[in-house]
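This is query-v3.pdb (PDB, C-alpha atoms).
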MODEL        1
ATOM      1  CA  MET K   1    -153.822 250.861  18.903
ATOM      2  CA  ALA K   2    -154.606 250.243  22.547
ATOM      3  CA  SER K   3    -154.555 246.513  21.937
ATOM      4  CA  VAL K   4    -151.093 246.738  20.327
ATOM      5  CA  ILE K   5    -149.790 248.714  23.299
ATOM      6  CA  SER K   6    -151.428 246.226  25.625
ATOM      7  CA  LYS K   7    -149.822 243.303  23.748
ATOM      8  CA  VAL K   8    -146.407 245.005  23.765
ATOM      9  CA  THR K   9    -146.761 245.748  27.472
ATOM     10  CA  GLU K  10    -147.760 242.147  28.183
ATOM     11  CA  LEU K  11    -144.917 240.819  26.038
ATOM     12  CA  ASP K  12    -142.452 243.127  27.834
ATOM     13  CA  LYS K  13    -143.748 241.894  31.179
ATOM     14  CA  GLN K  14    -143.304 238.258  30.125
ATOM     15  CA  MET K  15    -139.800 238.901  28.840
ATOM     16  CA  ARG K  16    -138.802 240.672  32.067
ATOM     17  CA  LEU K  17    -140.092 237.660  34.020
ATOM     18  CA  GLN K  18    -138.077 235.325  31.827
ATOM     19  CA  VAL K  19    -134.981 237.501  32.226
ATOM     20  CA  ARG K  20    -135.493 237.554  36.013
ATOM     21  CA  LYS K  21    -135.809 233.741  36.072
ATOM     22  CA  LEU K  22    -132.656 233.404  33.986
ATOM     23  CA  GLU K  23    -130.801 235.778  36.312
ATOM     24  CA  GLU K  24    -131.953 233.722  39.308
ATOM     25  CA  GLU K  25    -130.733 230.542  37.633
ATOM     26  CA  LYS K  26    -127.464 232.276  36.792
ATOM     27  CA  ALA K  27    -127.077 233.284  40.447
ATOM     28  CA  LYS K  28    -127.604 229.636  41.491
ATOM     29  CA  LEU K  29    -125.065 228.353  38.974
ATOM     30  CA  PRO K  30    -121.903 228.753  41.147
ATOM     31  CA  VAL K  31    -123.539 226.808  43.980
ATOM     32  CA  PHE K  32    -124.658 224.120  41.537
ATOM     33  CA  LEU K  33    -121.166 223.903  40.042
ATOM     34  CA  ARG K  34    -119.584 223.584  43.506
ATOM     35  CA  GLU K  35    -121.996 220.794  44.380
ATOM     36  CA  GLN K  36    -121.357 219.015  41.100
ATOM     37  CA  ARG K  37    -117.601 219.400  41.584
ATOM     38  CA  LYS K  38    -117.937 217.744  45.010
ATOM     39  CA  VAL K  39    -120.008 214.905  43.544
ATOM     40  CA  ILE K  40    -117.515 214.334  40.730
ATOM     41  CA  GLN K  41    -114.580 214.492  43.134
ATOM     42  CA  ALA K  42    -116.253 211.949  45.431
ATOM     43  CA  GLN K  43    -116.854 209.656  42.461
ATOM     44  CA  ARG K  44    -113.234 209.948  41.353
ATOM     45  CA  GLU K  45    -111.985 209.262  44.874
ATOM     46  CA  ALA K  46    -114.217 206.198  45.112
ATOM     47  CA  GLU K  47    -112.964 204.952  41.737
ATOM     48  CA  ALA K  48    -109.358 205.591  42.756
ATOM     49  CA  LYS K  49    -109.840 203.726  46.030
ATOM     50  CA  GLU K  50    -111.358 200.800  44.169
ATOM     51  CA  GLN K  51    -108.467 200.733  41.707
ATOM     52  CA  ILE K  52    -105.959 200.928  44.547
ATOM     53  CA  LYS K  53    -107.746 198.104  46.346
ATOM     54  CA  ALA K  54    -107.708 195.941  43.197
ATOM     55  CA  ARG K  55    -104.032 196.662  42.510
ATOM     56  CA  LYS K  56    -103.104 196.016  46.133
ATOM     57  CA  SER K  57    -104.903 192.686  46.011
ATOM     58  CA  LYS K  58    -103.118 191.732  42.781
ATOM     59  CA  ILE K  59     -99.735 192.750  44.168
ATOM     60  CA  GLU K  60    -100.348 190.761  47.338
ATOM     61  CA  THR K  61    -101.320 187.725  45.255
ATOM     62  CA  ASP K  62     -98.253 188.139  43.041
ATOM     63  CA  LEU K  63     -96.000 188.481  46.092
ATOM     64  CA  LYS K  64     -97.543 185.412  47.673
ATOM     65  CA  ASP K  65     -96.992 183.435  44.464
ATOM     66  CA  ALA K  66     -93.402 184.686  44.188
ATOM     67  CA  LYS K  67     -92.749 183.771  47.829
ATOM     68  CA  ASN K  68     -94.137 180.272  47.326
ATOM     69  CA  SER K  69     -92.049 179.840  44.183
ATOM     70  CA  ALA K  70     -88.899 181.054  45.940
ATOM     71  CA  GLU K  71     -89.548 178.741  48.880
ATOM     72  CA  LYS K  72     -89.942 175.776  46.509
ATOM     73  CA  GLU K  73     -86.705 176.673  44.725
ATOM     74  CA  LEU K  74     -84.925 177.051  48.063
ATOM     75  CA  LYS K  75     -86.220 173.687  49.257
ATOM     76  CA  ILE K  76     -84.983 172.024  46.053
ATOM     77  CA  ALA K  77     -81.582 173.723  46.373
ATOM     78  CA  VAL K  78     -81.235 172.693  50.016
ATOM     79  CA  GLU K  79     -82.188 169.120  49.141
ATOM     80  CA  GLU K  80     -79.599 169.078  46.344
ATOM     81  CA  ILE K  81     -76.909 170.464  48.656
ATOM     82  CA  GLN K  82     -77.834 167.907  51.322
ATOM     83  CA  LYS K  83     -77.678 165.124  48.714
ATOM     84  CA  VAL K  84     -74.219 166.206  47.517
ATOM     85  CA  TYR K  85     -73.058 166.504  51.118
ATOM     86  CA  ASP K  86     -74.398 163.073  52.029
ATOM     87  CA  GLN K  87     -72.739 161.522  48.961
ATOM     88  CA  ASN K  88     -69.357 163.180  49.522
ATOM     89  CA  LYS K  89     -69.013 163.787  53.266
ATOM     90  CA  ASP K  90     -66.896 160.698  53.942
ATOM     91  CA  VAL K  91     -64.557 161.500  51.048
ATOM     92  CA  TRP K  92     -64.278 165.126  52.155
ATOM     93  CA  ILE K  93     -63.607 164.128  55.760
ATOM     94  CA  ASP K  94     -60.881 161.718  54.611
ATOM     95  CA  GLU K  95     -59.355 164.372  52.344
ATOM     96  CA  ILE K  96     -59.410 167.028  55.075
ATOM     97  CA  TYR K  97     -58.001 164.575  57.616
ATOM     98  CA  GLY K  98     -55.330 163.474  55.152
ATOM     99  CA  GLN K  99     -54.350 167.075  54.406
ATOM    100  CA  CYS K 100     -54.148 167.881  58.116
ATOM    101  CA  ILE K 101     -51.930 164.852  58.757
ATOM    102  CA  LYS K 102     -49.799 165.759  55.748
ATOM    103  CA  ASP K 103     -49.421 169.341  56.995
ATOM    104  CA  LEU K 104     -48.527 168.163  60.500
ATOM    105  CA  SER K 105     -46.009 165.645  59.311
ATOM    106  CA  GLY K 106     -44.417 168.163  56.965
ATOM    107  CA  LYS K 107     -44.724 166.124  53.817
TER     108      LYS K 107
ENDMDL
END
Please render this file's structure as structure tokens.
Amino acid sequence: MASVISKVTELDKQMRLQVRKLEEEKAKLPVFLREQRKVIQAQREAEAKEQIKARKSKIETDLKDAKNSAEKELKIAVEEIQKVYDQNKDVWIDEIYGQCIKDLSGK
């Protein structure tokens, strides 16, 4: 009987130690969760910054490409306008001069 009581007492002692360890771990849990939350938040911020950096780079590249394309189109348009002007300037000058003379002479 003494050995049964001794075993029960020893088992109770072991269980109390386990309960105490679990309670200590439970007490540490909020601190652990706060630390993990900080780690996760830092990871998310780093990922977000990387995504922002990548998107910014892509947007800058797209804008640069669009600017180059617009400049090419503008250059072509200016060249076309200059060509039309060069081809027709003498005719236009004669027409404008003729209209001015006509207006002045009253015809």
Problem - Separation of CA of Arg20 (chain K) from CA of Val4 (chain K) in Å - result: 24.0 Å
Exercise for the section: One decimal, Å: what's the distance from CA of Cys100 (chain K) over to CA of Gln87 (chain K), could you say? Expected result: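 Computed distance, CA of Cys100 (chain K) to CA of Gln87 (chain K), equals 21.7 Å.
Our summary of the geometry notes that CA of Leu74 (chain K) is positioned 28.3 Å from CA of Ile96 (chain K).
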Provide region 56-92 of chain K rebuilt to N, CA and C atoms, formatted as a tab-separated table (two decimals), keeping the file's coordinate frame.
chain	number	residue	atom	x	y	z
K	56	LYS	N	-103.71	196.53	44.91
K	56	LYS	CA	-103.10	196.02	46.13
K	56	LYS	C	-103.35	194.52	46.25
K	57	SER	N	-104.56	194.10	45.96
K	57	SER	CA	-104.90	192.69	46.01
K	57	SER	C	-104.07	191.89	45.01
K	58	LYS	N	-103.91	192.42	43.80
K	58	LYS	CA	-103.12	191.73	42.78
K	58	LYS	C	-101.66	191.66	43.20
K	59	ILE	N	-101.13	192.74	43.73
K	59	ILE	CA	-99.74	192.75	44.17
K	59	ILE	C	-99.53	191.75	45.30
K	60	GLU	N	-100.47	191.72	46.24
K	60	GLU	CA	-100.35	190.76	47.34
K	60	GLU	C	-100.38	189.33	46.82
K	61	THR	N	-101.25	189.06	45.85
K	61	THR	CA	-101.32	187.72	45.26
K	61	THR	C	-100.02	187.40	44.53
K	62	ASP	N	-99.51	188.35	43.76
K	62	ASP	CA	-98.25	188.14	43.04
K	62	ASP	C	-97.10	187.89	44.02
K	63	LEU	N	-97.06	188.67	45.10
K	63	LEU	CA	-96.00	188.48	46.09
K	63	LEU	C	-96.11	187.12	46.76
K	64	LYS	N	-97.32	186.71	47.05
K	64	LYS	CA	-97.54	185.41	47.67
K	64	LYS	C	-97.07	184.30	46.74
K	65	ASP	N	-97.42	184.42	45.46
K	65	ASP	CA	-96.99	183.44	44.46
K	65	ASP	C	-95.47	183.41	44.33
K	66	ALA	N	-94.86	184.60	44.30
K	66	ALA	CA	-93.40	184.69	44.19
K	66	ALA	C	-92.73	184.08	45.42
K	67	LYS	N	-93.30	184.34	46.59
K	67	LYS	CA	-92.75	183.77	47.83
K	67	LYS	C	-92.84	182.25	47.80
K	68	ASN	N	-93.98	181.73	47.40
K	68	ASN	CA	-94.14	180.27	47.33
K	68	ASN	C	-93.15	179.66	46.33
K	69	SER	N	-92.99	180.32	45.20
K	69	SER	CA	-92.05	179.84	44.18
K	69	SER	C	-90.61	179.86	44.72
K	70	ALA	N	-90.25	180.94	45.38
K	70	ALA	CA	-88.90	181.05	45.94
K	70	ALA	C	-88.67	180.00	47.02
K	71	GLU	N	-89.68	179.76	47.84
K	71	GLU	CA	-89.55	178.74	48.88
K	71	GLU	C	-89.37	177.35	48.27
K	72	LYS	N	-90.10	177.07	47.19
K	72	LYS	CA	-89.94	175.78	46.51
K	72	LYS	C	-88.53	175.63	45.94
K	73	GLU	N	-88.06	176.70	45.29
K	73	GLU	CA	-86.70	176.67	44.72
K	73	GLU	C	-85.67	176.49	45.83
K	74	LEU	N	-85.85	177.18	46.94
K	74	LEU	CA	-84.92	177.05	48.06
K	74	LEU	C	-84.94	175.63	48.61
K	75	LYS	N	-86.11	175.06	48.75
K	75	LYS	CA	-86.22	173.69	49.26
K	75	LYS	C	-85.49	172.72	48.33
K	76	ILE	N	-85.67	172.89	47.03
K	76	ILE	CA	-84.98	172.02	46.05
K	76	ILE	C	-83.47	172.20	46.16
K	77	ALA	N	-83.02	173.45	46.27
K	77	ALA	CA	-81.58	173.72	46.37
K	77	ALA	C	-81.01	173.12	47.65
K	78	VAL	N	-81.72	173.26	48.75
K	78	VAL	CA	-81.24	172.69	50.02
K	78	VAL	C	-81.18	171.17	49.92
K	79	GLU	N	-82.19	170.58	49.31
K	79	GLU	CA	-82.19	169.12	49.14
K	79	GLU	C	-81.02	168.67	48.28
K	80	GLU	N	-80.73	169.42	47.21
K	80	GLU	CA	-79.60	169.08	46.34
K	80	GLU	C	-78.27	169.20	47.10
K	81	ILE	N	-78.14	170.28	47.86
K	81	ILE	CA	-76.91	170.46	48.66
K	81	ILE	C	-76.77	169.33	49.67
K	82	GLN	N	-77.86	168.98	50.34
K	82	GLN	CA	-77.83	167.91	51.32
K	82	GLN	C	-77.45	166.59	50.65
K	83	LYS	N	-77.98	166.35	49.45
K	83	LYS	CA	-77.68	165.12	48.71
K	83	LYS	C	-76.19	165.05	48.37
K	84	VAL	N	-75.66	166.17	47.86
K	84	VAL	CA	-74.22	166.21	47.52
K	84	VAL	C	-73.39	166.01	48.78
K	85	TYR	N	-73.79	166.65	49.85
K	85	TYR	CA	-73.06	166.50	51.12
K	85	TYR	C	-73.09	165.05	51.59
K	86	ASP	N	-74.28	164.46	51.58
K	86	ASP	CA	-74.40	163.07	52.03
K	86	ASP	C	-73.56	162.13	51.17
K	87	GLN	N	-73.50	162.38	49.87
K	87	GLN	CA	-72.74	161.52	48.96
K	87	GLN	C	-71.23	161.68	49.15
K	88	ASN	N	-70.80	162.90	49.52
K	88	ASN	CA	-69.36	163.18	49.52
K	88	ASN	C	-68.76	163.43	50.90
K	89	LYS	N	-69.54	163.39	51.95
K	89	LYS	CA	-69.01	163.79	53.27
K	89	LYS	C	-67.87	162.89	53.72
K	90	ASP	N	-67.97	161.59	53.50
K	90	ASP	CA	-66.90	160.70	53.94
K	90	ASP	C	-65.61	160.96	53.17
K	91	VAL	N	-65.74	161.20	51.87
K	91	VAL	CA	-64.56	161.50	51.05
K	91	VAL	C	-63.94	162.82	51.51
K	92	TRP	N	-64.79	163.82	51.73
K	92	TRP	CA	-64.28	165.13	52.16
K	92	TRP	C	-63.61	165.03	53.53
